[in-house]
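The structure appears below as structure tokens.
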Amino acid sequence: MRRIFLFFPLLLSFFLTSGFSLKERMDQARPGDYIVVEANKMITILCIRSIQDQTILLEEISAPYQHLQKRPESWEDWVKNKAPGHSSWCMVEIDLNHSELLECYSFSKSAWIHLSPKESLFATLLDLPMQLVSQNGRKKIGPPPMDGEPDFRKVWNPPLIVQGKRMEGAEFDVYKTTWPNDESPLANEEVQLYFDRAKRFPLPFWIQVNTAHRVASLRAIDSGRNLPTVYRTIPRRVPEFIGLPLKTTHTLRLNLKSPKYYKTFELFAIDVTHAKKQIYPITHSLLNGEGEWKTVEIDLSELTNVLEPEHRYTWLIVPIGHSESYTETQKPFVWSP
């Protein structure tokens with residue numbers, strides 16, 4: 001199930017970096033827009049929860065068929081009743097500018113989830129070029145003509161269902177790519193994605209994988225707007241100080257592990273020597289490392305000017321704009337210039 005989990009959100013990140021103009025489709029999307037897909041005896045709802053200039057927040061709810069007494073007549077009512085029978089309920093935040101997965105939180109597990117490239121498909125999809133399939137290259141309806149005869153067959157389009165009603169005459173644009181040779185079940189296979197030409201929803205209504213032995217598909221069985229909200233936002237992690245500070249000739253360096261959605265920070269030194277604590281803002285610079293690793297660098301001259309010798313201090317770091325997500329070191333240090 002994990003291979004499908006988060007498949008659509010990461011496709012979104014991928015297309016934002018390719019020549020495929022998904023941003024134009026996003027112009028038509030609104031918070032509460034949703035799509036319901038079916039594959040491998042699983043039903044999954046994907047909903048757009050918010051769209052900002054730099055980020056998009058997506059919600060994904062999955063349920064095995066055997067956990068549902070019957071297919072819900074109203075997906076809105078099903079979600080409003082906390083999706084009885086669901087096996088996973090997650091939110092995903094994506095950076096639209098850098099095409100990065102920023103956060104993934106599982107409400108069903110009450111935990112943040114870290115996805116490896118193979119689990120999330122993210123690293124693979126970022127590198128895959130997409131190509132528009134011509135009308136002649138599209139799947140057709142009916143048997144092929146005899147050799148030498150013209151082909152007058154109509155192209156095949158998947159069903160497009162909105163609010164439980166099939167939209168007659170719906171047409172799709174189809175894009176294809178080849179999965180790399182990564183020793184996965186999809187290795188070297190062709191993947192085709194069907195997008196509503198009328199741009200009623202920015203993500204594909206049909207995904208088809210053509211293998212040597214069979215054709216596997218992920219199909220949309222419904223879509224709509226204004227899906228009710230049970231969880232209003234995604235929980236945020238807090239930054240973490242990692243290891244011991246490193247003192248060099250001219251600087252003090254603090255190692256920090258922090259989610260990428262925190263861009264800038266305020267740093268404070270808290271004097272805990274006496275019962276009445278004093279807090280001092282500290283000028284610093286931030287060096288970005290690999291992934292979520294950062295280094296907070298402070299000139300020793302700054303500390304000499306601000307801190308009292310032989311006093312005990314703790315460090316407090318606060319992401320700007322997220323004051324609730326502060327972190328303070330537990331063990332005080334004694335300042336010695």
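Identifiers for the structure tokens are assigned positionally: chains receive A, B, ... in sequence, residues are indexed from 1 per chain, and ligands are indexed from 1 in the order shown.
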Any chance you could list, as number ranges by chain, the residues in range 45-264 of chain A that come up alpha helix (DSSP H) when DSSP is run on the backbone?
-> A: 75-80, 117-120, 122-126
Do you have, as a Markdown table, the list of residues of range 106-177 of chain A lying at most 8 Å from range 217-225 of chain A, each with its nearest atom pair and that distance in Å to one decimal, counting only C-alpha atoms and ordered by chain then number?
| residue | atom | partner | partner_atom | distance |
| --- | --- | --- | --- | --- |
| A:Leu160 | CA | A:Asp222 | CA | 7.5 |
| A:Ile161 | CA | A:Asp222 | CA | 4.9 |
| A:Val162 | CA | A:Ser223 | CA | 4.7 |
| A:Gln163 | CA | A:Gly224 | CA | 5.1 |
| A:Gly164 | CA | A:Asp222 | CA | 5.9 |
Which polymer residues have any atom within 10 Å of an atom of range 26-40 of chain A, counting only C-alpha atoms, with same-chain residues fewer than 6 positions away left out, as a short mmCIF file (atom, residue, chain, number, x, y, z; two decimals) with C-alpha atoms, in the first residue's frame?
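See around.cif below for the written result:
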data_model
loop_
_atom_site.label_atom_id
_atom_site.label_comp_id
_atom_site.auth_asym_id
_atom_site.auth_seq_id
_atom_site.Cartn_x
_atom_site.Cartn_y
_atom_site.Cartn_z
CA MET A 1 0.00 0.00 0.00
CA ILE A 4 0.55 4.08 -3.79
CA LEU A 12 2.46 17.18 -8.49
CA LEU A 46 -7.04 13.00 -2.43
CA CYS A 47 -8.12 16.53 -1.48
CA ILE A 48 -6.48 19.93 -1.98
CA ARG A 49 -6.65 21.60 1.43
CA SER A 50 -4.80 24.84 0.73
CA ILE A 51 -2.87 26.52 -2.07
CA ILE A 56 0.23 23.24 -1.43
CA LEU A 57 -1.34 21.14 1.32
CA LEU A 58 -2.94 17.84 0.31
CA GLU A 59 -5.00 15.37 2.32
CA GLU A 60 -5.14 11.67 1.56
CA ILE A 61 -7.59 9.14 3.04
CA SER A 62 -7.42 5.44 2.10
CA ALA A 63 -9.66 2.49 2.89
CA PRO A 64 -9.58 -1.17 1.79
CA TYR A 65 -12.75 -2.42 0.14
CA TRP A 75 -17.96 11.04 0.05
CA GLU A 76 -18.65 14.31 1.84
CA ILE A 161 -17.23 11.37 -12.89
CA VAL A 162 -18.03 14.55 -10.95
CA GLN A 163 -20.21 14.44 -7.81
CA ALA A 198 -11.10 20.95 -19.46
CA LYS A 199 -8.85 21.24 -16.37
CA ARG A 200 -11.59 20.48 -13.86
CA PHE A 201 -8.96 18.91 -11.61
CA PRO A 202 -5.18 19.39 -11.88
CA LEU A 203 -4.15 15.77 -11.20
CA PRO A 204 -4.58 12.73 -13.46
CA PHE A 205 -7.91 10.90 -13.56
CA TRP A 206 -6.27 7.74 -14.88
CA ILE A 207 -2.75 6.29 -14.54
CA ALA A 216 -2.30 -2.04 -14.46
CA SER A 217 -4.33 1.10 -13.86
CA LEU A 218 -5.16 3.58 -11.14
CA ARG A 219 -8.53 5.09 -12.01
CA ALA A 220 -10.66 7.89 -10.64
CA ILE A 221 -14.16 6.79 -9.66
CA ASP A 222 -15.42 10.21 -8.51
CA SER A 223 -14.42 13.82 -7.95
CA GLY A 224 -15.96 16.95 -6.53
CA ARG A 225 -15.63 20.15 -4.55
CA ASN A 226 -16.01 21.32 -0.95
CA LEU A 227 -14.94 18.16 0.86
CA PRO A 228 -15.59 18.71 4.59
CA THR A 229 -12.63 19.39 6.87
#
Could the residues of range 51-128 of chain A that have an atom at most 9 Å from range 254-278 of chain A be listed as a Markdown table, each with its closest atom pair and the distance in Å to one decimal, counting only C-alpha atoms and ordered by chain and ascending residue number?
| residue | atom | partner | partner_atom | distance |
| --- | --- | --- | --- | --- |
| A:Asp95 | CA | A:Tyr261 | CA | 8.2 |
| A:Leu102 | CA | A:Lys260 | CA | 6.1 |
| A:Glu103 | CA | A:Pro259 | CA | 7.6 |
Using only C-alpha atoms, the residue out of A:Thr55, A:Glu302, A:Asn136, A:Met130 with shortest distance to Asn97 in chain A is A:Thr55
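The gap separating CA of Pro337 in chain A from CA of Thr304 in chain A is 6.2 Å, in Å to one decimal.
The coordinates place CA of Asn210 in chain A at 8.1 Å from CA of Gln192 in chain A.
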Just the residues within 12 Å of Val215 in chain A, please, counting only C-alpha atoms, with nothing from its chain fewer than 4 positions along; format it as an MDAnalysis selection string.
-> chainID A and resid 186 189:192 207:211
Can I get the selected residues back with N, CA and C atoms, as an mmCIF file, in the first residue's frame?
data_model
loop_
_atom_site.group_PDB
_atom_site.id
_atom_site.type_symbol
_atom_site.label_atom_id
_atom_site.label_comp_id
_atom_site.auth_asym_id
_atom_site.auth_seq_id
_atom_site.Cartn_x
_atom_site.Cartn_y
_atom_site.Cartn_z
ATOM 1 N N LEU A 186 8.174 -1.663 -11.530
ATOM 2 C CA LEU A 186 7.895 -0.744 -12.633
ATOM 3 C C LEU A 186 9.089 -0.544 -13.561
ATOM 4 N N GLU A 189 9.192 0.128 -17.508
ATOM 5 C CA GLU A 189 7.824 0.057 -18.020
ATOM 6 C C GLU A 189 7.324 1.446 -18.402
ATOM 7 N N GLU A 190 6.389 1.470 -19.358
ATOM 8 C CA GLU A 190 5.793 2.737 -19.788
ATOM 9 C C GLU A 190 4.632 3.104 -18.869
ATOM 10 N N VAL A 191 4.606 4.366 -18.457
ATOM 11 C CA VAL A 191 3.535 4.887 -17.612
ATOM 12 C C VAL A 191 2.811 5.980 -18.382
ATOM 13 N N GLN A 192 1.482 5.903 -18.444
ATOM 14 C CA GLN A 192 0.669 6.916 -19.113
ATOM 15 C C GLN A 192 -0.269 7.561 -18.100
ATOM 16 N N ILE A 207 -4.171 6.609 -14.377
ATOM 17 C CA ILE A 207 -2.752 6.293 -14.542
ATOM 18 C C ILE A 207 -2.666 4.841 -14.976
ATOM 19 N N GLN A 208 -1.948 4.606 -16.059
ATOM 20 C CA GLN A 208 -1.868 3.255 -16.618
ATOM 21 C C GLN A 208 -0.414 2.851 -16.785
ATOM 22 N N VAL A 209 -0.086 1.641 -16.340
ATOM 23 C CA VAL A 209 1.260 1.091 -16.487
ATOM 24 C C VAL A 209 1.171 -0.100 -17.425
ATOM 25 N N ASN A 210 1.877 -0.012 -18.544
ATOM 26 C CA ASN A 210 1.863 -1.081 -19.539
ATOM 27 C C ASN A 210 3.080 -1.980 -19.345
ATOM 28 N N THR A 211 2.868 -3.185 -18.837
ATOM 29 C CA THR A 211 3.955 -4.136 -18.640
ATOM 30 C C THR A 211 3.887 -5.208 -19.718
#
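The gap separating CA of Arg236 in chain A from CA of Arg253 in chain A is 25.0 Å, in Å to one decimal.
Nearest residue to Asp77 in chain A, choosing from A:Pro281, A:Ile320, A:Val230, A:Met91 and counting only C-alpha atoms: A:Val230.
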Filtered DSSP result for range 162-275 of chain A, state strand (DSSP E or B), as an NGL selection string = :A and (162 or 165-166 or 172-178 or 190-196 or 206-210 or 215-224 or 240-241 or 246-247 or 251-257 or 265-271)
Using only C-alpha atoms, the shortest atom-to-atom distance to Thr327 in chain A among A:Ser110, A:Thr314, A:Gln135, A:Asn81 belongs to A:Thr314
